[in-house]
$ cat structure_13.txt   # compact mmCIF, C-alpha atoms
# COMPACT_ATOMS: atom_id res chain seq x y z
CA MET J 20 -32.43 -49.13 -45.11
CA THR J 21 -31.29 -46.32 -47.31
CA THR J 22 -33.52 -43.81 -45.52
CA THR J 23 -32.68 -44.69 -41.90
CA ALA J 24 -28.88 -44.84 -42.19
CA PRO J 25 -28.40 -41.11 -42.80
CA GLN J 26 -30.83 -40.36 -39.99
CA LEU J 27 -28.81 -42.50 -37.59
CA GLY J 28 -25.64 -40.73 -38.70
CA LYS J 29 -27.20 -37.35 -38.00
CA ASN J 30 -28.33 -38.49 -34.55
CA ASP J 31 -24.85 -39.76 -33.74
CA LYS J 32 -23.29 -36.46 -34.81
CA LYS J 33 -25.86 -34.52 -32.79
CA ARG J 34 -25.27 -36.71 -29.73
CA GLY J 35 -21.52 -36.33 -30.11
CA SER J 36 -21.87 -32.57 -30.44
CA ILE J 37 -23.96 -32.40 -27.27
CA LEU J 38 -21.44 -34.50 -25.36
CA GLY J 39 -18.59 -32.39 -26.68
CA ASN J 40 -20.28 -29.15 -25.66
CA THR J 41 -21.11 -30.58 -22.24
CA GLY J 42 -17.50 -31.55 -21.69
CA LEU J 43 -16.34 -28.13 -22.86
CA TYR J 44 -18.73 -26.30 -20.52
CA LEU J 45 -17.70 -28.57 -17.66
CA ALA J 46 -14.00 -27.88 -18.25
CA VAL J 47 -14.62 -24.13 -18.51
CA GLY J 48 -16.72 -24.23 -15.33
CA ILE J 49 -13.97 -26.04 -13.40
CA ALA J 50 -11.34 -23.62 -14.71
CA ALA J 51 -13.51 -20.64 -13.71
CA LEU J 52 -14.03 -22.13 -10.24
CA LEU J 53 -10.30 -22.61 -9.75
CA PHE J 54 -9.70 -19.06 -10.98
CA LEU J 55 -12.22 -17.62 -8.50
CA ILE J 56 -10.92 -19.51 -5.45
CA PRO J 57 -8.18 -16.92 -4.62
CA PHE J 58 -10.74 -14.09 -4.82
CA TYR J 59 -13.07 -16.01 -2.52
CA LEU J 60 -10.25 -16.50 -0.01
CA ILE J 61 -9.42 -12.79 -0.14
CA LEU J 62 -13.03 -11.78 0.57
CA ARG J 63 -13.49 -14.50 3.18
CA ASN J 64 -10.38 -13.51 5.12
CA ALA J 65 -11.05 -9.78 4.67
CA LEU J 66 -14.32 -10.16 6.58
CA SER J 67 -12.87 -12.37 9.32
CA THR J 68 -10.80 -11.89 12.45
CA ASP J 69 -7.18 -12.97 12.79
CA PRO J 70 -8.06 -16.02 14.95
CA GLU J 71 -10.59 -17.12 12.32
CA ILE J 72 -7.96 -16.83 9.60
CA THR J 73 -5.17 -18.65 11.42
CA GLY J 74 -7.26 -20.92 13.66
CA GLU J 75 -7.61 -24.67 13.28
CA ASN J 76 -11.42 -24.62 12.96
CA TRP J 77 -11.61 -23.27 9.44
CA LYS J 78 -15.08 -22.14 8.33
CA LEU J 79 -16.36 -21.80 4.79
CA LEU J 80 -18.13 -18.50 5.45
CA PRO J 81 -16.61 -15.55 7.35
CA SER J 82 -18.12 -13.90 10.40
CA PHE J 83 -18.66 -10.76 8.26
CA GLN J 84 -16.59 -8.30 10.26
CA TRP J 85 -17.66 -5.18 8.35
CA GLY J 86 -15.78 -3.10 10.88
CA ASN J 87 -12.57 -4.19 9.17
CA ILE J 88 -13.30 -1.63 6.44
CA SER J 89 -13.42 1.30 8.84
CA GLU J 90 -10.43 -0.08 10.73
CA LEU J 91 -8.44 -0.12 7.49
CA PHE J 92 -9.12 3.51 6.63
CA ASP J 93 -8.89 4.73 10.24
CA ASP J 94 -5.50 3.13 10.88
CA PRO J 95 -3.24 6.03 11.96
CA THR J 96 -0.04 4.20 10.99
CA VAL J 97 -1.06 3.64 7.35
CA GLN J 98 -2.89 6.29 5.34
CA PHE J 99 -4.58 3.82 3.02
CA GLY J 100 -6.96 6.36 1.52
CA ARG J 101 -4.01 8.54 0.58
CA ALA J 102 -2.25 5.50 -0.88
CA LEU J 103 -5.29 4.73 -3.06
CA TRP J 104 -5.28 8.29 -4.36
CA ASN J 105 -1.54 8.17 -5.09
CA SER J 106 -1.87 4.91 -6.99
CA THR J 107 -4.80 6.29 -8.98
CA VAL J 108 -2.89 9.43 -9.97
CA VAL J 109 0.26 7.47 -10.85
CA ALA J 110 -1.54 4.77 -12.84
CA VAL J 111 -3.80 7.18 -14.76
CA LEU J 112 -1.07 9.69 -15.65
CA MET J 113 1.41 6.94 -16.50
CA THR J 114 -1.14 5.29 -18.77
CA ALA J 115 -2.01 8.53 -20.55
CA GLY J 116 1.64 9.53 -20.91
CA THR J 117 2.73 6.10 -22.15
CA LEU J 118 -0.04 6.00 -24.75
CA LEU J 119 0.93 9.45 -26.05
CA VAL J 120 4.71 9.02 -26.05
CA CYS J 121 4.88 5.42 -27.29
CA SER J 122 2.15 5.82 -29.91
CA LEU J 123 3.87 8.88 -31.36
CA ALA J 124 7.21 7.06 -31.37
CA GLY J 125 5.68 3.97 -32.96
CA TYR J 126 3.83 6.02 -35.57
CA GLY J 127 6.98 7.96 -36.44
CA LEU J 128 8.99 4.76 -36.86
CA ALA J 129 6.27 3.15 -38.97
CA ARG J 130 5.24 6.04 -41.20
CA ILE J 131 7.69 8.96 -41.30
CA PRO J 132 10.48 8.32 -43.85
CA TYR J 133 13.89 8.75 -42.29
CA LYS J 134 17.09 7.06 -43.37
CA HIS J 135 18.07 6.22 -39.80
CA SER J 136 14.62 5.01 -38.71
CA ASN J 137 15.69 1.35 -38.71
CA LYS J 138 18.72 2.16 -36.57
CA VAL J 139 16.51 4.00 -34.09
CA PHE J 140 14.11 1.06 -34.06
CA TYR J 141 16.94 -1.40 -33.39
CA ALA J 142 18.17 0.84 -30.59
CA VAL J 143 14.68 0.74 -29.05
CA LEU J 144 14.67 -3.05 -29.32
CA ALA J 145 18.11 -3.15 -27.69
CA THR J 146 16.66 -1.53 -24.58
CA LEU J 147 14.47 -4.62 -24.12
CA MET J 148 17.59 -6.71 -23.62
CA VAL J 149 18.92 -4.53 -20.79
CA PRO J 150 17.84 -5.86 -17.36
CA THR J 151 15.87 -3.45 -15.22
CA ALA J 152 18.35 -3.89 -12.38
CA VAL J 153 21.09 -2.37 -14.53
CA THR J 154 19.24 0.92 -15.04
CA PHE J 155 17.61 1.07 -11.61
CA VAL J 156 20.47 2.77 -9.75
CA PRO J 157 21.28 5.31 -12.50
CA SER J 158 17.57 6.17 -12.75
CA PHE J 159 17.37 6.73 -9.00
CA VAL J 160 20.50 8.91 -9.02
CA LEU J 161 19.03 11.00 -11.85
CA VAL J 162 15.65 11.37 -10.17
CA SER J 163 17.30 12.22 -6.84
CA SER J 164 19.54 14.86 -8.45
CA LEU J 165 16.44 16.48 -9.96
CA GLY J 166 14.76 16.61 -6.55
CA TRP J 167 11.91 14.34 -7.61
CA VAL J 168 12.01 12.00 -4.61
CA ASP J 169 8.62 11.82 -2.85
CA THR J 170 6.93 13.49 -5.83
CA TYR J 171 4.55 12.38 -8.56
CA ARG J 172 7.14 13.38 -11.14
CA GLY J 173 9.62 10.88 -9.74
CA LEU J 174 7.00 8.15 -9.68
CA ILE J 175 5.60 8.76 -13.15
CA ILE J 176 8.08 10.31 -15.59
CA PRO J 177 10.80 7.59 -15.53
CA GLY J 178 8.23 4.98 -16.54
CA LEU J 179 6.51 6.89 -19.35
CA PHE J 180 8.49 5.31 -22.18
CA SER J 181 8.44 1.58 -22.76
CA GLY J 182 10.44 -0.02 -25.54
CA PHE J 183 8.05 -2.97 -25.73
CA THR J 184 4.98 -0.70 -25.97
CA CYS J 185 6.71 1.34 -28.67
CA PHE J 186 7.44 -1.88 -30.55
CA LEU J 187 3.78 -2.94 -30.32
CA PHE J 188 2.57 0.41 -31.64
CA ARG J 189 5.04 0.33 -34.53
CA GLN J 190 3.96 -3.16 -35.55
CA TYR J 191 0.31 -2.15 -35.32
CA PHE J 192 0.75 1.02 -37.38
CA LEU J 193 2.63 -0.93 -40.07
CA GLY J 194 -0.59 -2.85 -40.62
CA PHE J 195 -2.83 0.21 -40.52
CA PRO J 196 -4.44 0.98 -43.92
CA LYS J 197 -2.30 3.55 -45.72
CA GLU J 198 -5.22 4.56 -47.92
CA LEU J 199 -6.87 6.37 -45.01
CA GLU J 200 -3.74 8.41 -44.31
CA GLU J 201 -3.23 9.17 -48.01
CA ALA J 202 -6.78 10.48 -48.19
CA ALA J 203 -6.05 12.67 -45.17
CA ARG J 204 -2.96 14.10 -46.84
CA VAL J 205 -5.00 14.91 -49.95
CA ASP J 206 -7.22 16.97 -47.65
CA GLY J 207 -4.15 18.88 -46.48
CA LEU J 208 -3.34 17.09 -43.24
CA GLY J 209 0.24 16.45 -42.21
CA TYR J 210 1.62 13.57 -40.20
CA TRP J 211 0.29 14.99 -36.94
CA GLY J 212 -3.17 15.67 -38.40
CA ALA J 213 -3.35 12.20 -39.93
CA TYR J 214 -2.24 10.64 -36.66
CA TRP J 215 -4.63 12.58 -34.45
CA ARG J 216 -7.71 12.72 -36.70
CA ILE J 217 -7.49 9.48 -38.65
CA VAL J 218 -5.21 6.93 -36.97
CA VAL J 219 -6.16 7.41 -33.32
CA PRO J 220 -9.99 7.38 -33.78
CA ASN J 221 -9.71 4.20 -35.84
CA SER J 222 -7.35 2.50 -33.38
CA LEU J 223 -9.27 2.87 -30.12
CA ASN J 224 -9.47 -0.91 -29.62
CA PHE J 225 -5.71 -1.25 -29.71
CA PHE J 226 -5.22 1.84 -27.53
CA ALA J 227 -7.67 0.39 -24.98
CA ALA J 228 -5.75 -2.90 -24.87
CA ILE J 229 -2.44 -1.12 -24.27
CA ALA J 230 -4.09 1.22 -21.74
CA THR J 231 -5.42 -1.71 -19.72
CA ILE J 232 -2.05 -3.44 -19.58
CA THR J 233 -0.24 -0.20 -18.71
CA PHE J 234 -2.73 0.75 -16.00
CA ILE J 235 -2.43 -2.64 -14.33
CA SER J 236 1.36 -2.45 -14.49
CA GLY J 237 1.40 1.04 -13.00
CA TRP J 238 -1.06 0.08 -10.27
CA ASN J 239 0.90 -3.03 -9.26
CA ALA J 240 4.36 -1.42 -9.34
CA PHE J 241 6.22 -1.98 -6.09
CA LEU J 242 10.01 -1.63 -6.23
CA TRP J 243 10.27 1.82 -7.86
CA PRO J 244 7.54 3.42 -5.67
CA LEU J 245 9.19 1.82 -2.65
CA VAL J 246 12.47 3.61 -3.38
CA ILE J 247 11.03 6.94 -4.58
CA GLY J 248 8.11 7.19 -2.16
CA GLN J 249 10.07 7.42 1.07
CA ASP J 250 7.54 9.64 2.83
CA PRO J 251 4.28 7.91 3.94
CA ASP J 252 2.30 10.64 2.16
CA SER J 253 3.72 9.45 -1.16
CA TRP J 254 3.13 5.73 -0.62
CA THR J 255 1.16 3.83 -3.22
CA VAL J 256 -1.24 0.96 -2.53
CA GLN J 257 1.41 -1.74 -2.86
CA ILE J 258 3.69 -0.03 -0.34
CA ALA J 259 0.78 0.46 2.06
CA LEU J 260 -0.05 -3.24 1.76
CA SER J 261 3.47 -4.26 2.71
CA SER J 262 3.35 -2.03 5.80
CA PHE J 263 0.76 -4.29 7.46
CA MET J 264 3.43 -6.99 7.77
CA THR J 265 6.25 -6.14 10.17
CA ASN J 266 8.87 -8.09 12.12
CA GLN J 267 6.69 -7.97 15.23
CA THR J 268 3.12 -8.40 14.00
CA VAL J 269 1.12 -9.42 10.96
CA ASN J 270 -2.40 -7.96 10.64
CA PHE J 271 -3.92 -10.64 8.47
CA HIS J 272 -7.44 -9.21 8.36
CA LEU J 273 -6.14 -5.77 7.37
CA ILE J 274 -3.86 -7.25 4.71
CA PHE J 275 -6.74 -9.14 3.10
CA MET J 276 -9.14 -6.20 3.41
CA ALA J 277 -6.59 -3.85 1.84
CA THR J 278 -6.00 -6.40 -0.92
CA ALA J 279 -9.73 -6.65 -1.63
CA VAL J 280 -10.07 -2.86 -1.79
CA SER J 281 -7.00 -2.46 -4.00
CA ILE J 282 -8.31 -5.05 -6.47
CA LEU J 283 -11.61 -3.23 -7.06
CA PRO J 284 -10.21 -0.48 -9.36
CA LEU J 285 -8.52 -3.12 -11.53
CA VAL J 286 -11.78 -5.07 -11.77
CA PHE J 287 -13.71 -1.95 -12.79
CA VAL J 288 -11.10 -1.01 -15.40
CA PHE J 289 -11.10 -4.51 -16.83
CA LEU J 290 -14.90 -4.74 -16.96
CA PHE J 291 -15.17 -1.31 -18.59
CA LEU J 292 -12.50 -1.99 -21.22
CA GLN J 293 -13.12 -5.71 -21.67
CA ARG J 294 -14.77 -5.46 -25.08
CA TRP J 295 -12.08 -3.16 -26.46
CA LEU J 296 -9.35 -5.21 -24.80
CA VAL J 297 -10.40 -8.43 -26.55
CA GLN J 298 -10.73 -6.69 -29.92
CA GLY J 299 -7.39 -4.95 -29.47
CA ILE J 300 -5.58 -8.19 -28.65
CA ALA J 301 -7.23 -9.82 -31.69
CA GLN J 302 -5.91 -7.01 -33.88
CA THR J 303 -2.35 -7.55 -32.68
CA GLY J 304 -2.41 -11.09 -33.99
CA ILE J 305 -1.32 -12.55 -30.64
CA LYS J 306 -2.38 -16.17 -30.29
CA GLY J 307 -2.69 -18.12 -27.09

$ encode --input "structure_13.txt" --output "structure tokens"
Amino acid sequence: MTTTAPQLGKNDKKRGSILGNTGLYLAVGIAALLFLIPFYLILRNALSTDPEITGENWKLLPSFQWGNISELFDDPTVQFGRALWNSTVVAVLMTAGTLLVCSLAGYGLARIPYKHSNKVFYAVLATLMVPTAVTFVPSFVLVSSLGWVDTYRGLIIPGLFSGFTCFLFRQYFLGFPKELEEAARVDGLGYWGAYWRIVVPNSLNFFAAIATITFISGWNAFLWPLVIGQDPDSWTVQIALSSFMTNQTVNFHLIFMATAVSILPLVFVFLFLQRWLVQGIAQTGIKG
């Protein structure tokens, strides 16, 4: 009796562990399926005709209208290829500029001694409490007076600085090991040398996480590009997408095909930076 009881206890724990893992995998599988349903609908409708999308006889698989791709890029009313290029330029330059400006600001607030640094930091935090609608009109008036309407400068420069991103960088640099920077100063490096040669190379995970979030935000921006990009040559992807829906007609198959094409860059960016993104979020201490 004394030898079989522990064995039974081990079997019960093992059986319970198997059941628990099975339930966990089942829940994750269902969640993944629900998450993928919108992407399936986008691809299904992108390769269908309008009657197949809106008709009563709904089919699981599309009729694979591959001509929708050429129709999208050959549409004379919407220069979708140009819109993809504009969104790429805006998102990439905005991401690079935001990383540079906000990381330098965050590093300065975290490391450079200055008696008014806390006041500057509180002023940056105060900008987070100002609604975007309040600064939208003054920003447009300023950009218009500079002649930046329908230009990359007007689309990119006003969004380079983000108070929230600056706050994240400051909080991250406060937790960065000071010993590494002190060793750099012993070698004769100043604040810029320590930042560029020591801090940045050892913070690539965090930079990748911020870059991913910033790129997605810049790619999905709609209202500001809508106001600044008044000429069709300066439209971004989101503006081009909205042009397929008018008061007279709605080109469903082109909307879904354009949506599928516009999602691909975000998927590639996420897959490429996924490992660094997860590590960077873990380093911020953010919990779900």

$ closest_residue --input "structure_13.txt" --among "J:Gln257, J:Asn137, J:Gln84, J:Ser281" --to "Pro244 (chain J)" --atoms "all atoms listed in the file"
J:Gln257

$ closest_residue --input "structure_13.txt" --among "J:Leu165, J:Val139, J:Ala129, J:Ile176" --to "Pro196 (chain J)" --atoms "all atoms listed in the file"
J:Ala129

$ closest_atom_pairs --input "structure_13.txt" --of "region 134-251 of chain J" --to "region 113-118 of chain J" --cutoff "7 Å" --atoms "all atoms listed in the file" --output "JSON lines"
{"residue": "J:Ile175", "atom": "CA", "partner": "J:Met113", "partner_atom": "CA", "distance": 5.7}
{"residue": "J:Leu179", "atom": "CA", "partner": "J:Thr117", "partner_atom": "CA", "distance": 4.8}
{"residue": "J:Phe180", "atom": "CA", "partner": "J:Thr117", "partner_atom": "CA", "distance": 5.8}
{"residue": "J:Ala230", "atom": "CA", "partner": "J:Thr114", "partner_atom": "CA", "distance": 5.8}
{"residue": "J:Thr233", "atom": "CA", "partner": "J:Thr114", "partner_atom": "CA", "distance": 5.6}
{"residue": "J:Phe234", "atom": "CA", "partner": "J:Thr114", "partner_atom": "CA", "distance": 5.6}
{"residue": "J:Gly237", "atom": "CA", "partner": "J:Met113", "partner_atom": "CA", "distance": 6.9}

$ atom_distance --input "structure_13.txt" --atom1 "CA of Cys121 (chain J)" --atom2 "CA of Ser181 (chain J)"
6.9 Å

$ residues_around --input "structure_13.txt" --residues "Val97 (chain J)" --least-positions-apart "6" --cutoff "12 Å" --atoms "only C-alpha atoms" --output "list in words"
Glu90, Leu91, Leu103, Asp250, Pro251, Asp252, Ser253, Trp254, Thr255, Val256, Gln257, Ile258, Ala259, Leu260, Ser261, Ser262, Phe263, Met264, Leu273, Ile274 and Ala277 of chain J

$ closest_residue --input "structure_13.txt" --among "J:Ala279, J:Cys185, J:Val109, J:Val156" --to "Leu144 (chain J)" --atoms "all atoms listed in the file"
J:Cys185

$ atom_distance --input "structure_13.txt" --atom1 "CA of Val162 (chain J)" --atom2 "CA of Leu174 (chain J)"
9.2 Å

$ closest_residue --input "structure_13.txt" --among "J:Gln293, J:Pro220, J:Phe275, J:Tyr133" --to "Tyr59 (chain J)" --atoms "all atoms listed in the file"
J:Phe275

$ residues_around --input "structure_13.txt" --residues "Ala65 (chain J)" --least-positions-apart "2" --cutoff "7 Å" --atoms "all atoms listed in the file" --output "PDB file with C-alpha atoms, in the frame of the given file"
ATOM      1  CA  ILE J  61      -9.420 -12.790  -0.140  1.00  0.00           C
ATOM      2  CA  LEU J  62     -13.030 -11.780   0.570  1.00  0.00           C
ATOM      3  CA  ARG J  63     -13.490 -14.500   3.180  1.00  0.00           C
ATOM      4  CA  SER J  67     -12.870 -12.370   9.320  1.00  0.00           C
ATOM      5  CA  HIS J 272      -7.440  -9.210   8.360  1.00  0.00           C
ATOM      6  CA  LEU J 273      -6.140  -5.770   7.370  1.00  0.00           C
ATOM      7  CA  PHE J 275      -6.740  -9.140   3.100  1.00  0.00           C
ATOM      8  CA  MET J 276      -9.140  -6.200   3.410  1.00  0.00           C
TER       9      MET J 276
END

$ atom_distance --input "structure_13.txt" --atom1 "CA of Arg130 (chain J)" --atom2 "CA of Tyr214 (chain J)"
9.9 Å

$ closest_residue --input "structure_13.txt" --among "J:Phe99, J:Phe225, J:Phe92, J:Phe58" --to "Arg189 (chain J)" --atoms "all atoms listed in the file"
J:Phe225

$ closest_residue --input "structure_13.txt" --among "J:Gly42, J:Gln190, J:Ala203, J:Leu290" --to "Trp215 (chain J)" --atoms "all atoms listed in the file"
J:Ala203

$ residues_around --input "structure_13.txt" --residues "Leu193 (chain J)" --least-positions-apart "2" --cutoff "12 Å" --atoms "all atoms listed in the file" --output "list in words"
Gly125, Tyr126, Gly127, Leu128, Ala129, Arg130, Ile131, Phe186, Leu187, Phe188, Arg189, Gln190, Tyr191, Phe195, Pro196, Lys197, Val218 and Thr303 of chain J
